[in-house]
$ cat entry.cif   # mmCIF, C-alpha atoms and all ligand atoms
data_structure
loop_
_atom_site.label_atom_id
_atom_site.label_comp_id
_atom_site.auth_asym_id
_atom_site.auth_seq_id
_atom_site.Cartn_x
_atom_site.Cartn_y
_atom_site.Cartn_z
CA MET A 7 -3.96 2.23 -20.08
CA SER A 8 -7.72 2.57 -19.43
CA ALA A 9 -9.12 5.44 -17.34
CA LEU A 10 -9.85 2.94 -14.56
CA HIS A 11 -6.28 1.63 -14.58
CA THR A 12 -4.90 5.20 -14.50
CA LYS A 13 -7.12 5.99 -11.50
CA LEU A 14 -6.10 2.82 -9.68
CA ALA A 15 -2.42 3.54 -10.35
CA LEU A 16 -2.84 7.07 -8.95
CA ILE A 17 -4.58 5.80 -5.82
CA ALA A 18 -1.83 3.21 -5.32
CA ALA A 19 0.91 5.84 -5.74
CA LEU A 20 -0.83 8.21 -3.32
CA THR A 21 -1.31 5.45 -0.75
CA LEU A 22 2.38 4.55 -1.01
CA SER A 23 3.59 8.12 -0.66
CA LEU A 24 1.23 8.73 2.28
CA ALA A 25 2.50 5.57 3.94
CA ALA A 26 6.06 6.78 3.41
CA VAL A 27 5.44 10.07 5.24
CA THR A 28 3.06 8.85 7.94
CA PRO A 29 5.02 9.44 11.14
CA ALA A 30 5.24 7.05 14.06
CA PRO A 31 2.63 7.99 16.68
CA ALA A 32 3.84 11.16 18.43
CA GLN A 33 4.02 10.97 22.22
CA ASP A 34 5.03 13.46 24.86
CA PRO A 35 8.81 12.90 25.27
CA GLY A 36 8.46 13.47 29.02
CA HIS A 37 6.19 10.43 29.17
CA LEU A 38 8.10 8.19 26.83
CA PRO A 39 9.43 4.95 28.31
CA ASN A 40 13.20 4.66 28.77
CA VAL A 41 14.52 1.69 26.84
CA VAL A 42 18.14 0.54 26.70
CA ILE A 43 19.27 -1.29 23.58
CA LEU A 44 22.06 -3.75 24.27
CA ALA A 45 23.67 -4.73 20.98
CA THR A 46 25.45 -8.07 20.66
CA GLY A 47 25.96 -8.35 16.87
CA GLY A 48 24.34 -10.80 14.46
CA THR A 49 22.76 -10.32 11.04
CA ILE A 50 20.68 -7.39 12.28
CA ALA A 51 24.06 -5.62 12.49
CA GLY A 52 25.36 -7.30 9.34
CA SER A 53 26.35 -5.80 6.01
CA GLY A 54 26.55 -7.26 2.53
CA ALA A 55 28.42 -6.38 -0.63
CA SER A 56 25.24 -5.11 -2.30
CA SER A 57 21.55 -4.50 -1.57
CA THR A 58 20.72 -7.88 -3.08
CA THR A 59 23.19 -9.80 -0.93
CA THR A 60 21.15 -11.79 1.58
CA ILE A 61 23.50 -14.77 1.86
CA GLY A 62 27.26 -14.58 2.29
CA TYR A 63 27.23 -11.21 4.07
CA THR A 64 29.23 -10.39 7.18
CA ALA A 65 27.37 -10.43 10.50
CA ALA A 66 28.17 -8.08 13.39
CA THR A 67 29.72 -5.10 11.59
CA VAL A 68 27.29 -2.24 12.25
CA GLY A 69 27.43 -0.52 15.64
CA VAL A 70 24.51 0.16 17.96
CA ASP A 71 24.38 3.90 17.23
CA ALA A 72 24.04 3.24 13.49
CA LEU A 73 21.31 0.68 14.21
CA ILE A 74 19.35 3.27 16.20
CA ASP A 75 19.99 6.09 13.73
CA ALA A 76 18.68 3.93 10.88
CA VAL A 77 15.23 3.90 12.49
CA PRO A 78 14.47 7.49 13.61
CA GLU A 79 10.87 6.45 14.38
CA ILE A 80 12.20 4.67 17.49
CA LYS A 81 12.91 7.99 19.18
CA LYS A 82 9.25 8.98 18.87
CA VAL A 83 8.10 6.00 20.93
CA ALA A 84 10.88 5.72 23.53
CA ASN A 85 13.89 7.47 24.98
CA VAL A 86 16.55 5.06 23.79
CA LYS A 87 20.14 4.58 24.85
CA GLY A 88 22.43 2.16 23.05
CA GLU A 89 25.19 0.05 24.50
CA GLN A 90 27.49 -2.23 22.50
CA ILE A 91 27.98 -5.12 24.89
CA PHE A 92 29.45 -7.53 22.29
CA GLN A 93 29.92 -7.49 18.52
CA ILE A 94 29.77 -11.14 17.49
CA ALA A 95 27.86 -13.54 15.30
CA SER A 96 25.65 -15.52 17.64
CA GLU A 97 27.11 -18.90 16.70
CA SER A 98 30.08 -17.76 18.81
CA MET A 99 27.96 -16.99 21.87
CA THR A 100 29.37 -18.65 25.02
CA ASN A 101 28.34 -19.24 28.62
CA ASP A 102 30.67 -16.38 29.58
CA HIS A 103 28.82 -14.00 27.23
CA TRP A 104 25.51 -15.07 28.85
CA LEU A 105 26.80 -14.45 32.37
CA LYS A 106 28.04 -10.99 31.41
CA LEU A 107 24.78 -10.19 29.63
CA ALA A 108 22.55 -11.37 32.49
CA LYS A 109 24.54 -9.30 34.99
CA ARG A 110 24.32 -6.19 32.80
CA VAL A 111 20.59 -6.65 32.19
CA ASN A 112 19.95 -7.06 35.93
CA ALA A 113 22.05 -3.99 36.76
CA LEU A 114 20.19 -1.88 34.20
CA LEU A 115 16.73 -3.08 35.20
CA ALA A 116 17.49 -2.27 38.84
CA LEU A 117 17.73 1.41 37.82
CA PRO A 118 14.46 3.27 38.39
CA ASP A 119 14.79 5.17 35.13
CA VAL A 120 15.07 2.07 32.92
CA ASP A 121 11.68 0.71 31.85
CA GLY A 122 12.74 -2.06 29.51
CA ILE A 123 15.57 -3.61 27.55
CA VAL A 124 15.98 -4.63 23.93
CA ILE A 125 18.80 -6.98 23.02
CA THR A 126 19.82 -7.12 19.38
CA HIS A 127 21.25 -10.55 18.64
CA GLY A 128 22.08 -13.00 15.88
CA THR A 129 19.26 -15.40 15.20
CA ASP A 130 21.23 -18.65 15.33
CA THR A 131 21.38 -18.91 19.12
CA LEU A 132 18.86 -16.19 19.92
CA GLU A 133 16.40 -18.64 21.49
CA GLU A 134 19.15 -19.91 23.82
CA THR A 135 20.18 -16.48 25.06
CA ALA A 136 16.51 -15.60 25.53
CA TYR A 137 15.86 -18.69 27.65
CA PHE A 138 19.03 -18.14 29.69
CA LEU A 139 17.82 -14.63 30.50
CA ASP A 140 14.27 -15.87 31.16
CA LEU A 141 15.74 -17.93 34.01
CA THR A 142 18.25 -15.40 35.34
CA VAL A 143 16.74 -11.91 35.01
CA LYS A 144 15.41 -10.70 38.35
CA SER A 145 12.86 -8.17 37.20
CA ASN A 146 9.32 -7.87 35.87
CA LYS A 147 10.37 -5.19 33.42
CA PRO A 148 10.21 -6.24 29.77
CA VAL A 149 13.26 -7.81 28.13
CA VAL A 150 12.88 -8.29 24.39
CA LEU A 151 15.35 -10.02 22.08
CA VAL A 152 15.36 -9.15 18.43
CA GLY A 153 17.30 -10.14 15.35
CA ALA A 154 16.98 -10.07 11.60
CA MET A 155 17.28 -12.59 8.83
CA ARG A 156 18.52 -10.07 6.27
CA PRO A 157 21.57 -7.85 6.76
CA SER A 158 21.04 -4.14 7.32
CA THR A 159 22.20 -3.36 3.77
CA ALA A 160 19.62 -5.61 2.03
CA ILE A 161 16.53 -4.54 0.11
CA SER A 162 13.58 -5.06 2.49
CA ALA A 163 15.89 -5.61 5.44
CA ASP A 164 13.74 -6.90 8.31
CA GLY A 165 15.94 -5.38 11.03
CA PRO A 166 14.42 -1.86 11.10
CA ILE A 167 10.78 -2.94 11.60
CA ASN A 168 11.86 -5.64 14.03
CA ILE A 169 13.88 -3.23 16.15
CA TYR A 170 11.08 -0.65 16.08
CA ASN A 171 8.57 -3.23 17.30
CA ALA A 172 11.01 -4.54 19.90
CA VAL A 173 11.46 -1.05 21.37
CA LEU A 174 7.69 -0.49 21.41
CA LEU A 175 7.21 -3.82 23.17
CA ALA A 176 10.01 -3.25 25.70
CA GLY A 177 8.52 0.13 26.58
CA SER A 178 4.94 -1.07 26.89
CA LYS A 179 3.04 -1.65 30.14
CA GLU A 180 1.35 -4.70 28.59
CA ALA A 181 4.71 -6.49 28.36
CA VAL A 182 5.49 -6.22 32.09
CA GLY A 183 5.74 -9.58 33.87
CA ARG A 184 5.56 -11.75 30.75
CA GLY A 185 9.08 -13.14 30.90
CA VAL A 186 11.72 -12.68 28.26
CA MET A 187 10.27 -12.41 24.76
CA ILE A 188 11.44 -12.52 21.16
CA ALA A 189 9.79 -10.00 18.83
CA MET A 190 10.38 -10.62 15.15
CA ASN A 191 8.28 -10.61 12.02
CA ASP A 192 5.38 -8.98 13.93
CA ALA A 193 5.09 -11.97 16.28
CA ILE A 194 5.76 -12.02 20.03
CA ASN A 195 7.06 -15.37 21.24
CA ALA A 196 8.00 -16.64 24.71
CA ALA A 197 11.68 -17.40 25.29
CA ARG A 198 10.98 -20.88 26.67
CA ASP A 199 8.92 -22.16 23.79
CA VAL A 200 10.13 -20.40 20.64
CA THR A 201 12.61 -21.91 18.22
CA LYS A 202 14.29 -21.03 14.94
CA THR A 203 12.56 -23.15 12.29
CA ASN A 204 13.97 -22.03 8.95
CA THR A 205 17.53 -21.31 7.85
CA SER A 206 16.68 -18.17 5.90
CA LEU A 207 13.03 -17.03 5.90
CA THR A 208 12.04 -13.95 7.89
CA ASP A 209 9.25 -15.80 9.73
CA THR A 210 11.73 -18.31 11.09
CA PHE A 211 10.88 -17.82 14.81
CA ARG A 212 7.91 -19.94 15.72
CA THR A 213 6.39 -21.67 18.69
CA PRO A 214 4.99 -24.79 17.06
CA GLU A 215 1.88 -26.20 18.74
CA LEU A 216 1.99 -23.97 21.85
CA GLY A 217 1.63 -20.79 19.81
CA VAL A 218 2.66 -17.14 19.85
CA LEU A 219 2.07 -14.93 22.89
CA GLY A 220 0.74 -12.24 20.60
CA TYR A 221 1.40 -9.87 17.74
CA MET A 222 2.86 -6.43 17.16
CA GLN A 223 0.38 -4.53 15.08
CA ASP A 224 -0.37 -0.88 14.45
CA ASN A 225 2.25 0.36 16.93
CA ALA A 226 1.13 -1.77 19.86
CA PRO A 227 1.46 -5.25 21.32
CA HIS A 228 -1.61 -7.48 21.31
CA PHE A 229 -1.35 -10.39 23.76
CA TYR A 230 -3.46 -13.55 23.64
CA ARG A 231 -1.57 -16.16 25.65
CA GLN A 232 0.75 -16.52 28.61
CA SER A 233 3.19 -19.26 29.59
CA LEU A 234 2.39 -21.07 32.83
CA ARG A 235 6.05 -21.93 33.41
CA LYS A 236 8.01 -19.92 35.98
CA HIS A 237 10.49 -17.31 34.83
CA THR A 238 12.40 -14.14 35.83
CA THR A 239 11.25 -12.99 39.30
CA GLU A 240 9.95 -16.49 40.13
CA SER A 241 13.14 -18.24 39.11
CA GLU A 242 15.40 -19.73 41.79
CA PHE A 243 18.57 -19.24 39.74
CA ASP A 244 20.94 -16.46 40.67
CA VAL A 245 24.03 -15.85 38.55
CA SER A 246 25.06 -12.59 40.20
CA ASN A 247 28.09 -14.21 41.87
CA LEU A 248 28.94 -16.76 39.20
CA ASP A 249 31.81 -16.44 36.76
CA LYS A 250 31.53 -19.92 35.25
CA LEU A 251 28.79 -22.42 34.47
CA PRO A 252 29.18 -26.19 34.79
CA ASP A 253 30.15 -28.06 31.61
CA VAL A 254 27.08 -29.60 29.99
CA ASP A 255 27.04 -30.86 26.41
CA ILE A 256 24.55 -32.31 23.96
CA VAL A 257 24.84 -35.71 22.31
CA TYR A 258 22.71 -36.14 19.19
CA GLY A 259 20.81 -39.38 18.60
CA TYR A 260 20.64 -41.08 15.19
CA ALA A 261 20.57 -44.55 13.64
CA ASN A 262 23.86 -46.45 14.00
CA ILE A 263 24.88 -44.09 16.82
CA ASN A 264 28.51 -43.93 17.82
CA PRO A 265 29.11 -43.27 21.55
CA ILE A 266 32.61 -41.81 21.11
CA ALA A 267 31.45 -38.19 21.48
CA LEU A 268 29.55 -39.01 24.67
CA ASP A 269 32.53 -40.84 26.15
CA ALA A 270 34.82 -37.92 25.28
CA PHE A 271 32.52 -35.43 27.03
CA VAL A 272 32.44 -37.66 30.12
CA ALA A 273 36.24 -38.11 30.07
CA HIS A 274 36.58 -34.33 29.75
CA GLY A 275 34.71 -33.98 33.05
CA ASP A 276 31.25 -32.84 31.96
CA LYS A 277 28.82 -32.52 34.84
CA GLY A 278 25.79 -33.09 32.66
CA ILE A 279 24.78 -34.53 29.31
CA VAL A 280 21.63 -33.79 27.35
CA TYR A 281 20.82 -36.67 25.07
CA ALA A 282 18.86 -35.42 22.04
CA GLY A 283 17.32 -38.82 21.48
CA VAL A 284 15.28 -40.05 18.56
CA GLY A 285 11.48 -40.04 18.99
CA ASP A 286 10.47 -39.80 22.64
CA GLY A 287 14.11 -39.55 23.72
CA SER A 288 14.69 -43.24 23.02
CA LEU A 289 18.03 -44.78 23.95
CA GLY A 290 19.47 -46.92 21.16
CA ALA A 291 21.50 -50.00 22.03
CA GLY A 292 24.62 -48.19 20.76
CA ILE A 293 24.40 -45.42 23.39
CA LYS A 294 22.37 -46.76 26.33
CA PRO A 295 25.25 -48.56 28.15
CA ASN A 296 27.46 -45.46 27.82
CA LEU A 297 24.75 -43.18 29.21
CA ILE A 298 24.24 -45.58 32.14
CA ASP A 299 27.99 -45.59 32.68
CA ALA A 300 28.09 -41.77 32.56
CA ARG A 301 25.41 -41.60 35.26
CA LYS A 302 27.35 -44.07 37.41
CA LYS A 303 30.32 -41.69 37.16
CA GLY A 304 28.14 -38.89 38.58
CA VAL A 305 27.14 -37.18 35.33
CA ILE A 306 23.50 -36.00 35.26
CA VAL A 307 21.80 -37.41 32.16
CA VAL A 308 18.78 -35.61 30.69
CA ARG A 309 16.76 -37.37 28.03
CA SER A 310 15.48 -34.87 25.48
CA SER A 311 14.32 -35.33 21.90
CA ARG A 312 15.52 -34.23 18.50
CA VAL A 313 11.88 -34.23 17.27
CA GLY A 314 11.15 -30.63 18.25
CA ASN A 315 7.68 -30.99 19.74
CA GLY A 316 5.97 -32.90 22.50
CA ILE A 317 6.71 -34.15 25.99
CA VAL A 318 9.55 -36.59 26.64
CA ALA A 319 7.66 -38.96 28.93
CA ARG A 320 9.29 -39.95 32.20
CA ASN A 321 9.60 -43.76 32.44
CA GLY A 322 8.33 -44.00 28.86
CA GLU A 323 11.09 -45.07 26.46
CA ALA A 324 13.46 -45.71 29.38
CA ASN A 325 13.05 -46.57 33.04
CA ASP A 326 14.25 -43.19 34.29
CA ASP A 327 13.52 -44.02 37.95
CA GLU A 328 15.79 -47.05 37.78
CA LEU A 329 18.49 -45.38 35.66
CA ASP A 330 18.32 -42.18 37.71
CA PHE A 331 17.87 -40.11 34.55
CA VAL A 332 15.96 -36.84 34.14
CA VAL A 333 13.58 -36.05 31.26
CA SER A 334 13.43 -32.67 29.54
CA ASP A 335 9.61 -32.39 29.39
CA THR A 336 8.98 -30.18 26.30
CA LEU A 337 12.33 -28.36 26.30
CA ASN A 338 14.39 -28.85 23.15
CA PRO A 339 17.97 -30.09 23.68
CA GLN A 340 19.62 -26.67 23.44
CA LYS A 341 17.29 -25.23 26.08
CA ALA A 342 17.50 -28.37 28.23
CA ARG A 343 21.26 -27.76 28.31
CA ILE A 344 20.68 -24.26 29.70
CA LEU A 345 18.29 -25.41 32.41
CA LEU A 346 20.60 -28.28 33.37
CA MET A 347 23.61 -25.93 33.67
CA LEU A 348 21.64 -23.60 35.93
CA ALA A 349 20.18 -26.51 37.91
CA LEU A 350 23.70 -27.80 38.54
CA THR A 351 24.66 -24.47 40.10
CA ASN A 352 22.17 -25.31 42.87
CA THR A 353 22.05 -29.11 43.21
CA THR A 354 23.06 -32.52 41.84
CA ASN A 355 19.95 -34.21 43.22
CA THR A 356 18.15 -35.76 40.25
CA LYS A 357 14.71 -35.55 41.88
CA ALA A 358 15.19 -31.82 42.47
CA ILE A 359 16.48 -31.36 38.93
CA GLN A 360 13.51 -33.27 37.49
CA LYS A 361 11.20 -30.95 39.42
CA MET A 362 12.92 -27.96 37.83
CA PHE A 363 12.25 -29.39 34.36
CA TYR A 364 8.55 -29.48 35.23
CA THR A 365 8.64 -25.97 36.69
CA TYR A 366 10.55 -23.78 34.20
C1 LIG B 401 24.04 -14.93 13.78
O1 LIG B 401 23.31 -15.70 14.41
O2 LIG B 401 24.77 -14.09 14.35
C2 LIG B 401 24.07 -14.95 12.29
C3 LIG B 401 22.77 -15.27 11.68
C4 LIG B 401 21.68 -14.30 11.99
O3 LIG B 401 21.78 -13.38 12.77
O4 LIG B 401 20.61 -14.51 11.40
#

$ encode --input "entry.cif" --output "structure tokens"
Amino acid sequence: MSALHTKLALIAALTLSLAAVTPAPAQDPGHLPNVVILATGGTIAGSGASSTTTIGYTAATVGVDALIDAVPEIKKVANVKGEQIFQIASESMTNDHWLKLAKRVNALLALPDVDGIVITHGTDTLEETAYFLDLTVKSNKPVVLVGAMRPSTAISADGPINIYNAVLLAGSKEAVGRGVMIAMNDAINAARDVTKTNTSLTDTFRTPELGVLGYMQDNAPHFYRQSLRKHTTESEFDVSNLDKLPDVDIVYGYANINPIALDAFVAHGDKGIVYAGVGDGSLGAGIKPNLIDARKKGVIVVRSSRVGNGIVARNGEANDDELDFVVSDTLNPQKARILLMLALTNTTNTKAIQKMFYTY
């Protein structure tokens, strides 16, 4: 090795060891924000057979105290309390879990000594839980959802840095009033617009076209953008007295569509259907008569799109005025389902429901 290479190697080693011992920014504990971590399970609480297991691990095995203890730096930036509200993989999240979670979040945020909440969650339905809370939390205080793509036992697990950033964000003054957020992979995304875009990469949460709200960098949030859609304290939805949400399901559009699933949902008594249509929410000949029939039976039909970006135009690919359908605007089908369920707790008037889709 040349003298230059030896010197470079030494500098690199020193930089690494300095980085390893550089503490999180010390703050006066009396002035630290109080952040509650509500743990629901997911990969962030998952464990694998070995440090190289990143697929085929078991989600939702590690408890909230172990999650907090694994990142001692958290305690230097916030006074944290952990609560294990569920311990599930997020593909098993239900409306009942959401109602329980929203009520607990609202109860905690009503306490004067709680400044913000972090919710650890599986990534598969994380965007849905975030949007549900965006519409049902009655507080300006920060609520931040966080997950991980690699289990806690993996080399380069992303959970610890994600949870650290989430706690920083939930305890920060800059995050107040911004609606429910997802903080992962150093990006801050808005609950309404973010979506999971990759089955396994750590930068899976993205807001295509509309963009991130900001970044977590150097122990602080940096905001650049704000959603204009109403949320949290401006939302008209109140779940405090609800113990059930109306049945709303999603029917996926594709070539050679078979309407049997739609008909079964209607026969089951669904109050609403979100049609994840092709393109601009187009209604193929194989499904259109069944959707019209569903509406005639009183079911609210929302035309959404499986495309993932863009506005579903009212009276574009279908005459929504004539059919008495609603369009989802830019909401993806899984989030349109959430807004429709909440809308149906207040009204069955399609004009009022359409207005909600342009408001939230
Ligand atoms: C889950 O959603 O609970 C499993 C997958 C993940 O957290 O990434």

$ residues_around --input "entry.cif" --residues "Leu268 of chain A" --least-positions-apart "6" --cutoff "12 Å" --atoms "only C-alpha atoms" --output "ChimeraX atom specification"
/A:254-259,274-276,278-282,292-301,305,307

$ residues_near_ligand --input "entry.cif" --ligand "ligand LIG 401 (chain B)" --cutoff "8 Å" --atoms "all atoms listed in the file" --output "PDB file with C-alpha atoms, in the coordinates of the input"
ATOM      1  CA  GLY A  47      25.960  -8.350  16.870  1.00  0.00           C
ATOM      2  CA  GLY A  48      24.340 -10.800  14.460  1.00  0.00           C
ATOM      3  CA  THR A  49      22.760 -10.320  11.040  1.00  0.00           C
ATOM      4  CA  ILE A  50      20.680  -7.390  12.280  1.00  0.00           C
ATOM      5  CA  GLY A  52      25.360  -7.300   9.340  1.00  0.00           C
ATOM      6  CA  ALA A  65      27.370 -10.430  10.500  1.00  0.00           C
ATOM      7  CA  ALA A  66      28.170  -8.080  13.390  1.00  0.00           C
ATOM      8  CA  ILE A  94      29.770 -11.140  17.490  1.00  0.00           C
ATOM      9  CA  ALA A  95      27.860 -13.540  15.300  1.00  0.00           C
ATOM     10  CA  SER A  96      25.650 -15.520  17.640  1.00  0.00           C
ATOM     11  CA  GLU A  97      27.110 -18.900  16.700  1.00  0.00           C
ATOM     12  CA  SER A  98      30.080 -17.760  18.810  1.00  0.00           C
ATOM     13  CA  HIS A 127      21.250 -10.550  18.640  1.00  0.00           C
ATOM     14  CA  GLY A 128      22.080 -13.000  15.880  1.00  0.00           C
ATOM     15  CA  THR A 129      19.260 -15.400  15.200  1.00  0.00           C
ATOM     16  CA  ASP A 130      21.230 -18.650  15.330  1.00  0.00           C
ATOM     17  CA  THR A 131      21.380 -18.910  19.120  1.00  0.00           C
ATOM     18  CA  LEU A 132      18.860 -16.190  19.920  1.00  0.00           C
ATOM     19  CA  GLY A 153      17.300 -10.140  15.350  1.00  0.00           C
ATOM     20  CA  ALA A 154      16.980 -10.070  11.600  1.00  0.00           C
ATOM     21  CA  MET A 155      17.280 -12.590   8.830  1.00  0.00           C
ATOM     22  CA  ARG A 156      18.520 -10.070   6.270  1.00  0.00           C
ATOM     23  CA  SER A 206      16.680 -18.170   5.900  1.00  0.00           C
TER      24      SER A 206
END

$ atom_distance --input "entry.cif" --atom1 "atom CA of Ile306 of chain A" --atom2 "atom CA of Thr201 of chain A"
24.6 Å

$ closest_residue --input "entry.cif" --among "A:Tyr221, A:Lys361, A:Arg198, A:Thr213" --to "Pro339 of chain A" --atoms "only C-alpha atoms"
A:Arg198

$ closest_atom_pairs --input "entry.cif" --of "segment 228-249 of chain A" --to "segment 191-197 of chain A" --cutoff "9 Å" --atoms "all atoms listed in the file" --output "Markdown table"
| residue | atom | partner | partner_atom | distance |
| --- | --- | --- | --- | --- |
| A:His228 | CA | A:Ile194 | CA | 8.8 |
| A:Phe229 | CA | A:Ile194 | CA | 8.2 |
| A:Gln232 | CA | A:Ala196 | CA | 8.2 |
| A:Ser233 | CA | A:Ala196 | CA | 7.3 |

$ closest_residue --input "entry.cif" --among "A:Ser56, A:Asn325, A:Thr208, A:Asn40" --to "Ala176 of chain A" --atoms "all atoms listed in the file"
A:Asn40

$ closest_residue --input "entry.cif" --among "A:Val68, A:Val173, A:Ile123, A:Ala189" --to "Val152 of chain A" --atoms "all atoms listed in the file"
A:Ala189

$ closest_residue --input "entry.cif" --among "A:Ser158, A:Thr100, A:Asp71, A:Ala84" --to "Ala51 of chain A" --atoms "all atoms listed in the file"
A:Ser158

$ closest_residue --input "entry.cif" --among "A:Ile80, A:Ser145, A:Ser310, A:Asp286" --to "Ala116 of chain A" --atoms "only C-alpha atoms"
A:Ser145

$ atom_distance --input "entry.cif" --atom1 "atom CA of Val150 of chain A" --atom2 "atom CA of Phe211 of chain A"
13.7 Å

$ closest_atom_pairs --input "entry.cif" --of "segment 120-165 of chain A" --to "segment 344-356 of chain A" --cutoff "8 Å" --atoms "all atoms listed in the file" --output "Markdown table"
| residue | atom | partner | partner_atom | distance |
| --- | --- | --- | --- | --- |
| A:Glu134 | CA | A:Ile344 | CA | 7.5 |
| A:Tyr137 | CA | A:Ile344 | CA | 7.6 |
| A:Phe138 | CA | A:Ile344 | CA | 6.3 |

$ closest_atom_pairs --input "entry.cif" --of "segment 215-320 of chain A" --to "segment 104-109 of chain A" --cutoff "9 Å" --atoms "all atoms listed in the file" --output "Markdown table"
| residue | atom | partner | partner_atom | distance |
| --- | --- | --- | --- | --- |
| A:Val245 | CA | A:Leu105 | CA | 6.9 |
| A:Ser246 | CA | A:Lys109 | CA | 6.2 |
| A:Leu248 | CA | A:Leu105 | CA | 7.5 |
| A:Asp249 | CA | A:Leu105 | CA | 7.0 |
| A:Lys250 | CA | A:Leu105 | CA | 7.8 |
| A:Leu251 | CA | A:Leu105 | CA | 8.5 |

$ closest_residue --input "entry.cif" --among "A:Met362, A:Leu115, A:Leu44, A:Ala324" --to "Glu89 of chain A" --atoms "all atoms listed in the file"
A:Leu44

$ decode --input "entry.cif" --residues "segment 320-351 of chain A" --atoms "C-alpha atoms" --output "JSON list (two decimals), in the first residue's frame"
[["chain", "number", "residue", "atom", "x", "y", "z"],
["A", 320, "ARG", "CA", -65.65, 14.09, -13.41],
["A", 321, "ASN", "CA", -67.84, 13.49, -16.48],
["A", 322, "GLY", "CA", -64.73, 12.42, -18.39],
["A", 323, "GLU", "CA", -64.72, 8.69, -19.09],
["A", 324, "ALA", "CA", -68.28, 8.38, -17.75],
["A", 325, "ASN", "CA", -71.24, 10.70, -17.39],
["A", 326, "ASP", "CA", -71.04, 10.88, -13.61],
["A", 327, "ASP", "CA", -73.84, 13.46, -13.34],
["A", 328, "GLU", "CA", -76.23, 11.15, -15.15],
["A", 329, "LEU", "CA", -75.06, 7.96, -13.42],
["A", 330, "ASP", "CA", -74.92, 9.68, -10.03],
["A", 331, "PHE", "CA", -71.35, 8.48, -9.50],
["A", 332, "VAL", "CA", -68.57, 10.20, -7.55],
["A", 333, "VAL", "CA", -64.96, 10.57, -8.75],
["A", 334, "SER", "CA", -61.94, 10.12, -6.49],
["A", 335, "ASP", "CA", -59.97, 13.16, -7.74],
["A", 336, "THR", "CA", -56.30, 12.17, -7.13],
["A", 337, "LEU", "CA", -56.92, 9.69, -4.30],
["A", 338, "ASN", "CA", -55.75, 6.15, -5.03],
["A", 339, "PRO", "CA", -58.37, 3.41, -4.56],
["A", 340, "GLN", "CA", -57.25, 2.36, -1.07],
["A", 341, "LYS", "CA", -57.45, 5.95, 0.19],
["A", 342, "ALA", "CA", -60.69, 6.63, -1.70],
["A", 343, "ARG", "CA", -62.15, 3.70, 0.27],
["A", 344, "ILE", "CA", -61.19, 5.41, 3.54],
["A", 345, "LEU", "CA", -62.69, 8.76, 2.57],
["A", 346, "LEU", "CA", -65.87, 7.08, 1.31],
["A", 347, "MET", "CA", -66.29, 5.12, 4.57],
["A", 348, "LEU", "CA", -65.93, 8.30, 6.60],
["A", 349, "ALA", "CA", -68.17, 10.26, 4.23],
["A", 350, "LEU", "CA", -70.87, 7.62, 4.66],
["A", 351, "THR", "CA", -70.82, 8.15, 8.42]]
